Protein chains: 2
Amino acid sequence: MVTIKDIAKQAGVTYGTVSRALNGEPGVSEKTRARIRAIAEQMNYVPNLAAKRMVDRSTNCIGIIWPKIEGLFFYRLSERIQEEASRRGLRIMLSVAKPEDALNSFQEHFIDRVIHWVYTEQTAAFIAAKQSFPGTVLEVGGRSAGEGPCLEIDRKGAVCKAVRHLAELGHERIAFMGAKTDKWVGYTQGLVDFDRDYNPDDIVVTRPSDPDMEAKITGYLNRDRKDRATAVIVDSQGLMFEFARLAQAAKVRIPEQLSLVGYDDVPELHRLLPVSITTVGPDIDVLANRLMDTIAQADAVENNDRNDRRIEGVLTVRESTRPPFGT
Amino acid sequence: MVTIKDIAKQAGVTYGTVSRALNGEPGVSEKTRARIRAIAEQMNYVPNLAAKRMVDRSTNCIGIIWPKIEGLFFYRLSERIQEEASRRGLRIMLSVAKPEDALNSFQEHFIDRVIHWVYTEQTAAFIAAKQSFPGTVLEVGGRSAGEGPCLEIDRKGAVCKAVRHLAELGHERIAFMGAKTDKWVGYTQGLVDFDRDYNPDDIVVTRPSDPDMEAKITGYLNRDRKDRATAVIVDSQGLMFEFARLAQAAKVRIPEQLSLVGYDDVPELHRLLPVSITTVGPDIDVLANRLMDTIAQADAVENNDRNDRRIEGVLTVRESTRPPFGT
DNA sequence: CTGTTAGCGCATTCAT
DNA sequence: ATGAATGCGCTAACAG
């Protein structure tokens, strides 16, 4: 293992100078700094984080706890986060372990800033782990649950935008398939805002793991066209995989017979149907950016404007939505 | 921050004794050990991991370098690896950075065992980083390229099994879509082994990023049925996403008009078509297991039997393959 | 059984 | 602008 002492020897200086040079501290001539940098690179020097941590407590590595669900979306997001991070000279480590275990791992490895994707209620074990975690945990997704820094995704508002889009196209009956979460609230809100009737008959409460999911969706799709909506919102990427397949099986043509909006814009979605799918949800680039901005100045974030802590959803109109037949 | 020195003072011993007591080392009377433990607890002592790591640089953490491709398969695999690892008391960290950066990150964080998924030629930068890496890099996937430990996936043999399966069903013309890799070699090998004609016309060389991918596949599918094969092998999950869509668009019914075998068995595949898809490829559970076994005893692995270093593919027959029409 | 001490790799302060 | 020296908290080897 090569240390700054080795580099010092090679460069013919003392290791104090090497330390200054490599850390961009003043008091080193640019010439020797460049030389030392070159030698370090060439010797493949890797700083020892433990030693660094002994004397000062900073790291440029950020840990991310990978959520169990939201698979594809998060997969895409992590690619973008990585790009953003390296642009900023930050490093990224991912953990797919249970959140509390992940936090412990990060702690052992001197990672003191962690991004946590909130998708369900937090377990007691995780809350405990979070409390004893010496660094910052940025909570992303759900409502600003607790004390620490957070970045809220306005899922409700996003789905509301979907309703608006469909209403503006002229759809009178708009259906919703998904779970009774914020997204569902956004749906009902949208119906109110844009003067559409709330029709319990047009709501299919289900999720991919629901054993009756297939029956419920197929049941809805097989109704007489008079008895179903002209547009539907599907509340997650996971459910969209199912929905697309069942819609094709039921020979429901999209968008001719049914307009379709999905939540979360992942490329794989557009491979599911012959047409590309209109989506709402956070913009993946914006999200990656904001995450890095926020975590980069995690201490200052407490003072931020409330609005700054929130990510709006965006609507991306594609081929799967159009005015209802006969308009 | 309370250190062992503080505890030592409180307990009236030296801090060396405290260290031994707290770490369960022999050479401390049980009486003083208990007393020291109590004091540590009462003073709310938290060991300084950085300092510990300075002296004892061991971890039970394994790093994984996330490959740029193999999207969903690797995602599923990493879930299984995580489960396997925690069963064995090991921890996992993932990096999505460039392989050489990932290796440096791992080194910084004292992770000295790394799993690397080989999917293309290795860059010079990575080979250099690997050479100066102080730990073990387990290469998985490709041919046992170099010196270090490796686990080869028999992609060629897997595709060969696909050909065999189709041949046994009675298919005379079997097509292949994909890149000219090991999998393609397995295809040609299979044709030879099972007495099928090699027909360049039934090979569509493409990949998801190929700009002409869509045209090539659609062109093949739109041929007169007499001019195309009765079965096709698609060489990757990524390409299958495209193929399934194009097949539906071209109104080619599977398996009635065309039998279909995919490479890599990921659940998402079976949401693409009305029927589930027959696949070949490494079994994800077996792979996770073998990876953990191998990395757990990374030093001993050098002596292993050659056959032990290889993962066979398995064929999972589902609805997308059946005898050709008219048989 | 317990005390003593060297040194892990580094940032930093004080000299020069 | 650079060298020298100190100490961060801890383990391990050695001394008593």
# chains A, B, ... in the order shown; residues from 1 in each chain; ligands from 1
>>> interface_residues(of="chain A", to="chain C", cutoff="12 Å", atoms="only C-alpha atoms (C1' of nucleotides)", output="list in words")
Met1, Val2, Thr3, Ile4, Lys5, Asp6, Tyr15, Gly16, Thr17, Val18, Ser19, Arg20, Ala21, Leu22, Asn23, Glu25, Val46, Pro47, Asn48, Leu49, Ala50, Ala51, Lys52, Arg53, Met54, Val55, Asp56, Arg57 and Ser58 of chain A
>>> interface_residues(of="chain D", to="chain B", cutoff="6 Å", atoms="only C-alpha atoms (C1' of nucleotides)", output="VMD selection string")
chain D and resid 9 to 11
>>> select_by_dssp(residues="segment 49-292 of chain A", states="strand (DSSP E or B)", output="ChimeraX atom specification")
/A:61-65,91-95,113-117,136-141,150-153,174-178,203-205,231-234,259-263,278-282
>>> write_last_selection(atoms="C-alpha atoms", output="compact mmCIF listing (two decimals), in the first residue's frame")
# COMPACT_ATOMS: atom_id res chain seq x y z
CA CYS A 61 -18.40 9.58 -0.50
CA ILE A 62 -22.15 9.32 -0.38
CA GLY A 63 -24.05 6.20 0.46
CA ILE A 64 -27.34 5.28 -1.12
CA ILE A 65 -29.79 2.82 0.28
CA ARG A 91 -18.18 9.13 -4.91
CA ILE A 92 -21.16 6.86 -4.58
CA MET A 93 -21.70 3.59 -2.79
CA LEU A 94 -24.88 1.62 -2.97
CA SER A 95 -26.31 -0.86 -0.56
CA ARG A 113 -23.90 11.16 4.12
CA VAL A 114 -26.63 8.82 3.04
CA ILE A 115 -29.56 9.09 0.70
CA HIS A 116 -32.56 7.11 1.76
CA TRP A 117 -35.50 6.54 -0.52
CA THR A 136 -26.64 12.95 7.68
CA VAL A 137 -29.48 10.92 6.23
CA LEU A 138 -31.29 12.65 3.40
CA GLU A 139 -34.81 11.31 3.14
CA VAL A 140 -36.21 11.39 -0.37
CA GLY A 141 -39.64 10.62 -1.63
CA CYS A 150 -35.51 15.75 3.17
CA LEU A 151 -36.57 16.11 -0.42
CA GLU A 152 -40.22 15.57 -1.03
CA ILE A 153 -41.53 14.28 -4.31
CA ILE A 174 -60.96 9.04 -16.10
CA ALA A 175 -60.01 5.83 -14.35
CA PHE A 176 -57.27 5.06 -11.86
CA MET A 177 -55.45 1.82 -11.17
CA GLY A 178 -53.16 1.56 -8.24
CA ILE A 203 -61.04 2.97 -9.55
CA VAL A 204 -59.21 -0.33 -9.47
CA VAL A 205 -57.35 -0.63 -6.20
CA ALA A 231 -58.70 7.25 -20.12
CA VAL A 232 -56.77 5.57 -17.36
CA ILE A 233 -53.93 6.46 -15.05
CA VAL A 234 -51.68 3.64 -13.87
CA SER A 259 -55.85 6.87 -23.35
CA LEU A 260 -53.12 5.88 -20.93
CA VAL A 261 -50.87 7.75 -18.52
CA GLY A 262 -48.22 6.04 -16.45
CA TYR A 263 -46.29 7.10 -13.39
CA THR A 278 -47.44 9.49 -21.71
CA THR A 279 -46.04 9.72 -18.20
CA VAL A 280 -45.94 11.89 -15.13
CA GLY A 281 -43.45 11.76 -12.31
CA PRO A 282 -40.25 13.38 -11.24
>>> closest_atom_pairs(of="chain B", to="chain A", cutoff="9 Å", atoms="only C-alpha atoms", output="Markdown table")
| residue | atom | partner | partner_atom | distance |
| --- | --- | --- | --- | --- |
| B:Asn48 | CA | A:Met54 | CA | 8.7 |
| B:Leu49 | CA | A:Glu108 | CA | 6.4 |
| B:Ala50 | CA | A:Ala50 | CA | 4.4 |
| B:Ala51 | CA | A:Met54 | CA | 6.5 |
| B:Lys52 | CA | A:Ala50 | CA | 8.5 |
| B:Arg53 | CA | A:Ala50 | CA | 6.3 |
| B:Met54 | CA | A:Ala50 | CA | 6.0 |
| B:Cys61 | CA | A:Ser105 | CA | 8.4 |
| B:Gly71 | CA | A:Tyr75 | CA | 8.3 |
| B:Leu72 | CA | A:Leu72 | CA | 8.0 |
| B:Tyr75 | CA | A:Tyr75 | CA | 8.1 |
| B:Ser78 | CA | A:Val96 | CA | 7.7 |
| B:Glu79 | CA | A:Val96 | CA | 6.8 |
| B:Gln82 | CA | A:Ala97 | CA | 6.4 |
| B:Glu83 | CA | A:Ala97 | CA | 8.2 |
| B:Ser86 | CA | A:Ala97 | CA | 8.4 |
| B:Arg91 | CA | A:Ser105 | CA | 7.3 |
| B:Ile92 | CA | A:Ser95 | CA | 6.7 |
| B:Met93 | CA | A:Ser95 | CA | 5.4 |
| B:Leu94 | CA | A:Leu94 | CA | 4.7 |
| B:Ser95 | CA | A:Met93 | CA | 5.3 |
| B:Val96 | CA | A:Gln82 | CA | 6.7 |
| B:Ala97 | CA | A:Gln82 | CA | 6.5 |
| B:Asp101 | CA | A:Arg91 | CA | 8.9 |
| B:Ala102 | CA | A:Arg91 | CA | 8.8 |
| B:Asn104 | CA | A:Val46 | CA | 6.7 |
| B:Ser105 | CA | A:Arg91 | CA | 7.5 |
| B:Gln107 | CA | A:Val46 | CA | 7.1 |
| B:Glu108 | CA | A:Asn48 | CA | 5.7 |
| B:His109 | CA | A:His109 | CA | 5.6 |
| B:Phe110 | CA | A:His109 | CA | 7.7 |
| B:Ile111 | CA | A:His109 | CA | 8.8 |
| B:Ala128 | CA | A:Asn44 | CA | 8.9 |
| B:Ala129 | CA | A:Asn44 | CA | 7.6 |
| B:Ser132 | CA | A:Asn44 | CA | 7.0 |
| B:Phe133 | CA | A:Met1 | CA | 8.7 |
| B:Pro134 | CA | A:Met1 | CA | 7.0 |
| B:Phe241 | CA | A:Arg271 | CA | 6.1 |
| B:Glu242 | CA | A:Arg271 | CA | 6.2 |
| B:Ala244 | CA | A:Arg271 | CA | 8.2 |
| B:Arg245 | CA | A:Arg271 | CA | 6.0 |
| B:Leu246 | CA | A:Pro274 | CA | 7.8 |
| B:Gln248 | CA | A:Pro274 | CA | 7.8 |
| B:Ala249 | CA | A:Pro274 | CA | 6.2 |
| B:Glu268 | CA | A:Phe241 | CA | 7.8 |
| B:Arg271 | CA | A:Phe241 | CA | 6.0 |
| B:Leu272 | CA | A:Leu272 | CA | 6.3 |
| B:Leu273 | CA | A:Arg245 | CA | 6.5 |
| B:Pro274 | CA | A:Ala249 | CA | 6.3 |
>>> residues_around(residues="DA1 of chain D", least_positions_apart="4", cutoff="7 Å", atoms="only C-alpha atoms (C1' of nucleotides)", output="PyMOL selection string")
chain A and resi 27-29
>>> calpha_fit_and_write(fixed="chain A", moving="chain B", output="compact mmCIF listing (two decimals) with C-alpha atoms, in the first residue's frame")
# COMPACT_ATOMS: atom_id res chain seq x y z
CA MET B 1 5.08 -0.43 0.40
CA VAL B 2 6.77 2.92 0.27
CA THR B 3 5.60 5.54 2.77
CA ILE B 4 6.27 9.20 3.25
CA LYS B 5 8.89 8.23 5.79
CA ASP B 6 10.88 6.46 3.13
CA ILE B 7 10.64 9.50 0.94
CA ALA B 8 11.65 11.72 3.81
CA LYS B 9 14.75 9.66 4.42
CA GLN B 10 15.64 9.76 0.75
CA ALA B 11 15.08 13.50 0.53
CA GLY B 12 16.84 14.27 3.77
CA VAL B 13 13.84 15.95 5.37
CA THR B 14 11.31 14.86 7.95
CA TYR B 15 8.09 13.19 6.91
CA GLY B 16 5.98 16.10 8.02
CA THR B 17 7.58 18.12 5.28
CA VAL B 18 6.92 15.40 2.78
CA SER B 19 3.27 15.36 3.74
CA ARG B 20 2.98 19.10 3.23
CA ALA B 21 4.85 19.00 -0.03
CA LEU B 22 2.78 16.23 -1.53
CA ASN B 23 -0.55 17.69 -0.48
CA GLY B 24 0.12 21.13 -1.85
CA GLU B 25 0.04 22.68 1.61
CA PRO B 26 1.81 26.02 2.04
CA GLY B 27 4.96 26.22 4.07
CA VAL B 28 7.32 24.40 1.78
CA SER B 29 9.75 26.06 -0.59
CA GLU B 30 8.96 25.32 -4.15
CA LYS B 31 12.41 23.93 -4.60
CA THR B 32 12.13 21.20 -1.98
CA ARG B 33 8.54 20.56 -2.97
CA ALA B 34 9.62 19.79 -6.52
CA ARG B 35 12.45 17.63 -5.27
CA ILE B 36 10.17 15.67 -2.99
CA ARG B 37 7.61 15.24 -5.73
CA ALA B 38 10.26 13.87 -8.02
CA ILE B 39 11.50 11.43 -5.43
CA ALA B 40 7.97 10.28 -4.63
CA GLU B 41 7.30 9.68 -8.27
CA GLN B 42 10.55 7.90 -8.76
CA MET B 43 9.99 5.69 -5.74
CA ASN B 44 6.52 4.93 -6.98
CA TYR B 45 4.85 6.23 -3.90
CA VAL B 46 1.15 5.47 -3.48
CA PRO B 47 -0.60 7.28 -0.64
CA ASN B 48 -2.32 5.08 1.90
CA LEU B 49 -5.94 6.08 1.78
CA ALA B 50 -6.79 4.35 5.02
CA ALA B 51 -4.25 6.38 6.89
CA LYS B 52 -5.38 9.54 5.20
CA ARG B 53 -8.95 8.80 6.06
CA MET B 54 -8.06 8.20 9.69
CA VAL B 55 -7.13 11.81 10.00
CA ASP B 56 -9.26 13.54 7.43
CA ARG B 57 -12.61 11.86 7.30
CA SER B 58 -14.17 13.66 4.38
CA THR B 59 -15.49 12.15 1.15
CA ASN B 60 -17.03 13.53 -1.96
CA CYS B 61 -19.08 10.41 -2.29
CA ILE B 62 -22.82 10.18 -1.96
CA GLY B 63 -24.63 7.02 -1.01
CA ILE B 64 -27.95 6.00 -2.43
CA ILE B 65 -30.25 3.48 -0.86
CA TRP B 66 -32.00 1.50 -3.53
CA PRO B 67 -35.71 1.19 -2.90
CA LYS B 68 -37.28 -2.22 -3.05
CA ILE B 69 -39.92 -1.11 -5.50
CA GLU B 70 -40.07 1.63 -8.14
CA GLY B 71 -37.98 -0.76 -10.24
CA LEU B 72 -37.36 0.69 -13.64
CA PHE B 73 -37.94 4.27 -12.75
CA PHE B 74 -35.28 4.22 -10.12
CA TYR B 75 -32.92 2.43 -12.41
CA ARG B 76 -33.26 5.21 -14.94
CA LEU B 77 -33.03 7.80 -12.24
CA SER B 78 -29.80 6.41 -10.88
CA GLU B 79 -28.25 6.61 -14.31
CA ARG B 80 -29.14 10.28 -14.47
CA ILE B 81 -27.98 10.90 -10.94
CA GLN B 82 -24.64 9.40 -11.83
CA GLU B 83 -24.28 11.75 -14.77
CA GLU B 84 -25.25 14.75 -12.70
CA ALA B 85 -22.86 13.70 -9.98
CA SER B 86 -19.85 13.28 -12.17
CA ARG B 87 -20.53 16.66 -13.73
CA ARG B 88 -20.17 18.05 -10.25
CA GLY B 89 -17.17 15.98 -9.30
CA LEU B 90 -19.13 13.85 -6.88
CA ARG B 91 -19.07 10.11 -6.65
CA ILE B 92 -21.99 7.77 -6.16
CA MET B 93 -22.35 4.46 -4.38
CA LEU B 94 -25.49 2.40 -4.41
CA SER B 95 -26.68 -0.09 -1.88
CA VAL B 96 -29.45 -2.58 -2.42
CA ALA B 97 -29.35 -3.83 1.16
CA LYS B 98 -32.05 -3.24 3.72
CA PRO B 99 -32.13 0.49 4.43
CA GLU B 100 -30.70 0.17 7.92
CA ASP B 101 -27.90 -2.11 6.72
CA ALA B 102 -27.21 0.22 3.86
CA LEU B 103 -26.85 3.09 6.25
CA ASN B 104 -24.37 1.15 8.34
CA SER B 105 -22.40 0.19 5.28
CA PHE B 106 -22.22 3.75 4.18
CA GLN B 107 -21.07 4.81 7.59
CA GLU B 108 -18.32 2.20 7.54
CA HIS B 109 -17.17 3.54 4.25
CA PHE B 110 -17.18 7.16 5.38
CA ILE B 111 -20.03 8.14 3.18
CA ASP B 112 -21.83 10.82 5.11
CA ARG B 113 -24.45 11.98 2.66
CA VAL B 114 -27.15 9.57 1.71
CA ILE B 115 -30.20 9.76 -0.49
CA HIS B 116 -33.12 7.70 0.70
CA TRP B 117 -36.17 7.06 -1.40
CA VAL B 118 -39.22 7.02 0.82
CA TYR B 119 -41.89 4.71 -0.47
CA THR B 120 -43.51 3.20 2.58
CA GLU B 121 -43.63 3.73 6.27
CA GLN B 122 -40.14 3.67 7.66
CA THR B 123 -39.29 0.78 9.92
CA ALA B 124 -38.25 1.35 13.51
CA ALA B 125 -34.88 -0.21 12.74
CA PHE B 126 -34.26 2.30 10.00
CA ILE B 127 -35.31 5.26 12.06
CA ALA B 128 -32.93 4.15 14.77
CA ALA B 129 -30.09 3.73 12.29
CA LYS B 130 -30.85 7.12 10.84
CA GLN B 131 -30.69 8.73 14.22
CA SER B 132 -27.26 7.40 14.97
CA PHE B 133 -26.03 8.14 11.48
CA PRO B 134 -23.39 10.85 11.72
CA GLY B 135 -24.13 12.42 8.33
CA THR B 136 -27.09 13.69 6.36
CA VAL B 137 -29.92 11.58 5.03
CA LEU B 138 -31.90 13.27 2.31
CA GLU B 139 -35.39 11.83 2.20
CA VAL B 140 -36.95 11.88 -1.22
CA GLY B 141 -40.41 11.01 -2.35
CA GLY B 142 -42.94 10.92 0.43
CA ARG B 143 -44.22 13.64 2.63
CA SER B 144 -41.64 15.61 4.49
CA ALA B 145 -41.86 13.15 7.31
CA GLY B 146 -39.32 14.20 9.84
CA GLU B 147 -36.65 16.65 10.74
CA GLY B 148 -33.91 16.25 8.19
CA PRO B 149 -33.64 17.53 4.69
CA CYS B 150 -36.21 16.22 2.28
CA LEU B 151 -37.49 16.58 -1.23
CA GLU B 152 -41.13 15.89 -1.66
CA ILE B 153 -42.56 14.55 -4.87
CA ASP B 154 -46.01 15.86 -5.51
CA ARG B 155 -47.58 12.59 -6.55
CA LYS B 156 -51.01 13.78 -5.65
CA GLY B 157 -50.70 16.85 -7.82
CA ALA B 158 -49.29 14.77 -10.64
CA VAL B 159 -52.26 12.44 -10.77
CA CYS B 160 -54.50 15.45 -10.50
CA LYS B 161 -52.91 16.74 -13.67
CA ALA B 162 -53.71 13.45 -15.32
CA VAL B 163 -57.36 13.84 -14.42
CA ARG B 164 -57.31 17.37 -15.71
CA HIS B 165 -55.85 16.30 -19.01
CA LEU B 166 -58.51 13.62 -19.45
CA ALA B 167 -61.26 15.96 -18.41
CA GLU B 168 -60.12 18.55 -20.91
CA LEU B 169 -60.20 15.93 -23.61
CA GLY B 170 -63.85 15.47 -22.75
CA HIS B 171 -63.85 12.27 -20.73
CA GLU B 172 -66.72 12.10 -18.29
CA ARG B 173 -65.95 8.81 -16.57
CA ILE B 174 -62.34 8.37 -15.53
CA ALA B 175 -61.17 5.20 -13.81
CA PHE B 176 -58.24 4.57 -11.50
CA MET B 177 -56.27 1.41 -10.91
CA GLY B 178 -53.78 1.27 -8.12
CA ALA B 179 -53.28 1.47 -4.41
CA LYS B 180 -54.88 3.88 -1.97
CA THR B 181 -51.92 6.21 -1.71
CA ASP B 182 -51.31 9.85 -2.44
CA LYS B 183 -51.90 9.09 -6.05
CA TRP B 184 -55.38 7.93 -5.29
CA VAL B 185 -55.98 11.09 -3.32
CA GLY B 186 -54.85 13.08 -6.35
CA TYR B 187 -57.36 11.19 -8.42
CA THR B 188 -60.30 11.95 -6.18
CA GLN B 189 -59.14 15.53 -5.86
CA GLY B 190 -59.01 15.79 -9.63
CA LEU B 191 -62.55 14.49 -9.95
CA VAL B 192 -63.73 17.18 -7.60
CA ASP B 193 -61.71 19.95 -9.23
CA PHE B 194 -62.87 19.16 -12.69
CA ASP B 195 -66.44 18.31 -11.91
CA ARG B 196 -66.42 14.64 -12.59
CA ASP B 197 -68.49 12.16 -10.66
CA TYR B 198 -66.80 10.04 -8.10
CA ASN B 199 -67.81 6.52 -8.94
CA PRO B 200 -66.50 3.76 -6.65
CA ASP B 201 -67.26 1.40 -9.45
CA ASP B 202 -64.48 2.91 -11.53
CA ILE B 203 -61.79 2.33 -8.96
CA VAL B 204 -59.82 -0.89 -8.98
CA VAL B 205 -57.75 -1.09 -5.83
CA THR B 206 -54.85 -3.40 -6.52
CA ARG B 207 -51.10 -3.66 -7.00
CA PRO B 208 -48.79 -6.00 -8.89
CA SER B 209 -48.30 -8.31 -5.90
CA ASP B 210 -52.02 -8.63 -5.26
CA PRO B 211 -53.08 -12.21 -6.02
CA ASP B 212 -56.39 -10.98 -7.35
CA MET B 213 -54.84 -8.28 -9.46
CA GLU B 214 -55.38 -10.07 -12.73
CA ALA B 215 -58.97 -10.96 -12.00
CA LYS B 216 -59.82 -7.47 -10.87
CA ILE B 217 -58.37 -5.75 -13.89
CA THR B 218 -59.70 -8.23 -16.38
CA GLY B 219 -63.08 -8.03 -14.72
CA TYR B 220 -63.13 -4.32 -15.24
CA LEU B 221 -61.94 -4.51 -18.83
CA ASN B 222 -64.48 -7.14 -19.76
CA ARG B 223 -67.41 -5.08 -18.68
CA ASP B 224 -69.76 -3.77 -21.26
CA ARG B 225 -68.38 -0.54 -22.60
CA LYS B 226 -71.34 1.32 -21.24
CA ASP B 227 -70.42 0.16 -17.78
CA ARG B 228 -66.88 1.33 -17.68
CA ALA B 229 -65.01 4.59 -17.98
CA THR B 230 -63.62 5.95 -21.22
CA ALA B 231 -60.27 6.67 -19.67
CA VAL B 232 -58.11 5.09 -17.01
CA ILE B 233 -55.17 6.11 -14.87
CA VAL B 234 -52.74 3.40 -13.84
CA ASP B 235 -50.79 4.38 -10.77
CA SER B 236 -47.38 2.79 -11.26
CA GLN B 237 -45.01 1.43 -13.83
CA GLY B 238 -45.19 -2.02 -12.30
CA LEU B 239 -48.95 -2.14 -12.59
CA MET B 240 -48.80 -0.77 -16.10
CA PHE B 241 -46.81 -3.80 -17.19
CA GLU B 242 -49.71 -5.94 -16.07
CA PHE B 243 -52.41 -3.65 -17.32
CA ALA B 244 -51.02 -3.38 -20.84
CA ARG B 245 -50.91 -7.12 -21.20
CA LEU B 246 -54.40 -7.63 -19.84
CA ALA B 247 -55.81 -4.88 -21.99
CA GLN B 248 -54.42 -6.52 -25.09
CA ALA B 249 -55.67 -9.90 -23.98
CA ALA B 250 -59.12 -8.43 -23.42
CA LYS B 251 -58.90 -6.84 -26.86
CA VAL B 252 -59.49 -3.39 -25.51
CA ARG B 253 -58.00 -1.04 -28.05
CA ILE B 254 -56.05 1.91 -26.78
CA PRO B 255 -56.78 4.72 -27.28
CA GLU B 256 -59.78 4.04 -29.54
CA GLN B 257 -61.83 2.39 -26.83
CA LEU B 258 -59.98 3.56 -23.76
CA SER B 259 -57.60 6.39 -23.04
CA LEU B 260 -54.70 5.54 -20.80
CA VAL B 261 -52.39 7.51 -18.54
CA GLY B 262 -49.54 5.91 -16.62
CA TYR B 263 -47.49 7.10 -13.69
CA ASP B 264 -43.72 7.45 -14.12
CA ASP B 265 -42.21 7.89 -17.50
CA VAL B 266 -39.80 5.07 -18.29
CA PRO B 267 -38.83 4.15 -21.84
CA GLU B 268 -39.79 0.50 -21.38
CA LEU B 269 -43.41 1.56 -21.01
CA HIS B 270 -43.67 2.47 -24.65
CA ARG B 271 -42.69 -0.98 -25.76
CA LEU B 272 -45.70 -2.48 -24.07
CA LEU B 273 -48.37 -1.32 -26.44
CA PRO B 274 -48.53 -0.47 -30.13
CA VAL B 275 -49.00 3.13 -29.05
CA SER B 276 -46.84 5.25 -26.79
CA ILE B 277 -48.30 6.03 -23.40
CA THR B 278 -49.22 9.37 -21.91
CA THR B 279 -47.62 9.70 -18.50
CA VAL B 280 -47.46 11.88 -15.45
CA GLY B 281 -44.78 11.89 -12.81
CA PRO B 282 -41.61 13.69 -11.86
CA ASP B 283 -39.30 14.58 -14.69
CA ILE B 284 -36.28 12.39 -14.30
CA ASP B 285 -33.78 15.06 -15.31
CA VAL B 286 -35.27 17.66 -13.03
CA LEU B 287 -35.32 15.19 -10.20
CA ALA B 288 -31.69 14.18 -10.63
CA ASN B 289 -30.69 17.81 -10.77
CA ARG B 290 -32.60 18.82 -7.70
CA LEU B 291 -31.30 15.88 -5.77
CA MET B 292 -27.73 16.81 -6.48
CA ASP B 293 -28.34 20.48 -5.78
CA THR B 294 -29.92 19.68 -2.49
CA ILE B 295 -27.40 17.16 -1.29
CA ALA B 296 -24.51 19.34 -2.39
CA GLN B 297 -25.50 21.97 0.12
CA ALA B 298 -27.20 19.73 2.58
CA ASP B 299 -26.59 21.96 5.57
CA ALA B 300 -27.98 25.08 4.00
CA VAL B 301 -31.09 23.29 2.88
CA GLU B 302 -32.81 23.60 6.21
CA ASN B 303 -33.39 27.24 5.55
CA ASN B 304 -34.87 26.74 2.14
CA ASP B 305 -38.23 27.89 1.07
CA ARG B 306 -40.83 25.24 1.55
CA ASN B 307 -41.77 25.28 -2.11
CA ASP B 308 -38.23 24.59 -3.04
CA ARG B 309 -38.46 21.25 -1.39
CA ARG B 310 -41.06 19.97 -3.73
CA ILE B 311 -40.95 18.38 -7.14
CA GLU B 312 -43.95 18.92 -9.36
CA GLY B 313 -45.08 16.18 -11.68
CA VAL B 314 -45.18 16.79 -15.41
CA LEU B 315 -47.67 15.53 -17.93
CA THR B 316 -46.32 14.12 -21.16
CA VAL B 317 -49.07 13.66 -23.68
CA ARG B 318 -48.59 10.83 -26.13
CA GLU B 319 -50.70 8.57 -28.26
CA SER B 320 -52.62 6.72 -25.58
CA THR B 321 -54.97 9.56 -24.75
CA ARG B 322 -57.52 11.19 -27.01
CA PRO B 323 -61.07 12.47 -26.79
CA PRO B 324 -63.64 9.78 -26.06
CA PHE B 325 -65.27 8.07 -28.98
CA GLY B 326 -68.13 10.05 -30.42
CA THR B 327 -66.89 13.46 -29.35
>>> select_by_dssp(residues="segment 98-193 of chain A", states="helix (DSSP H, G or I)", output="ChimeraX atom specification")
/A:99-108,124-131,155-169,182-193
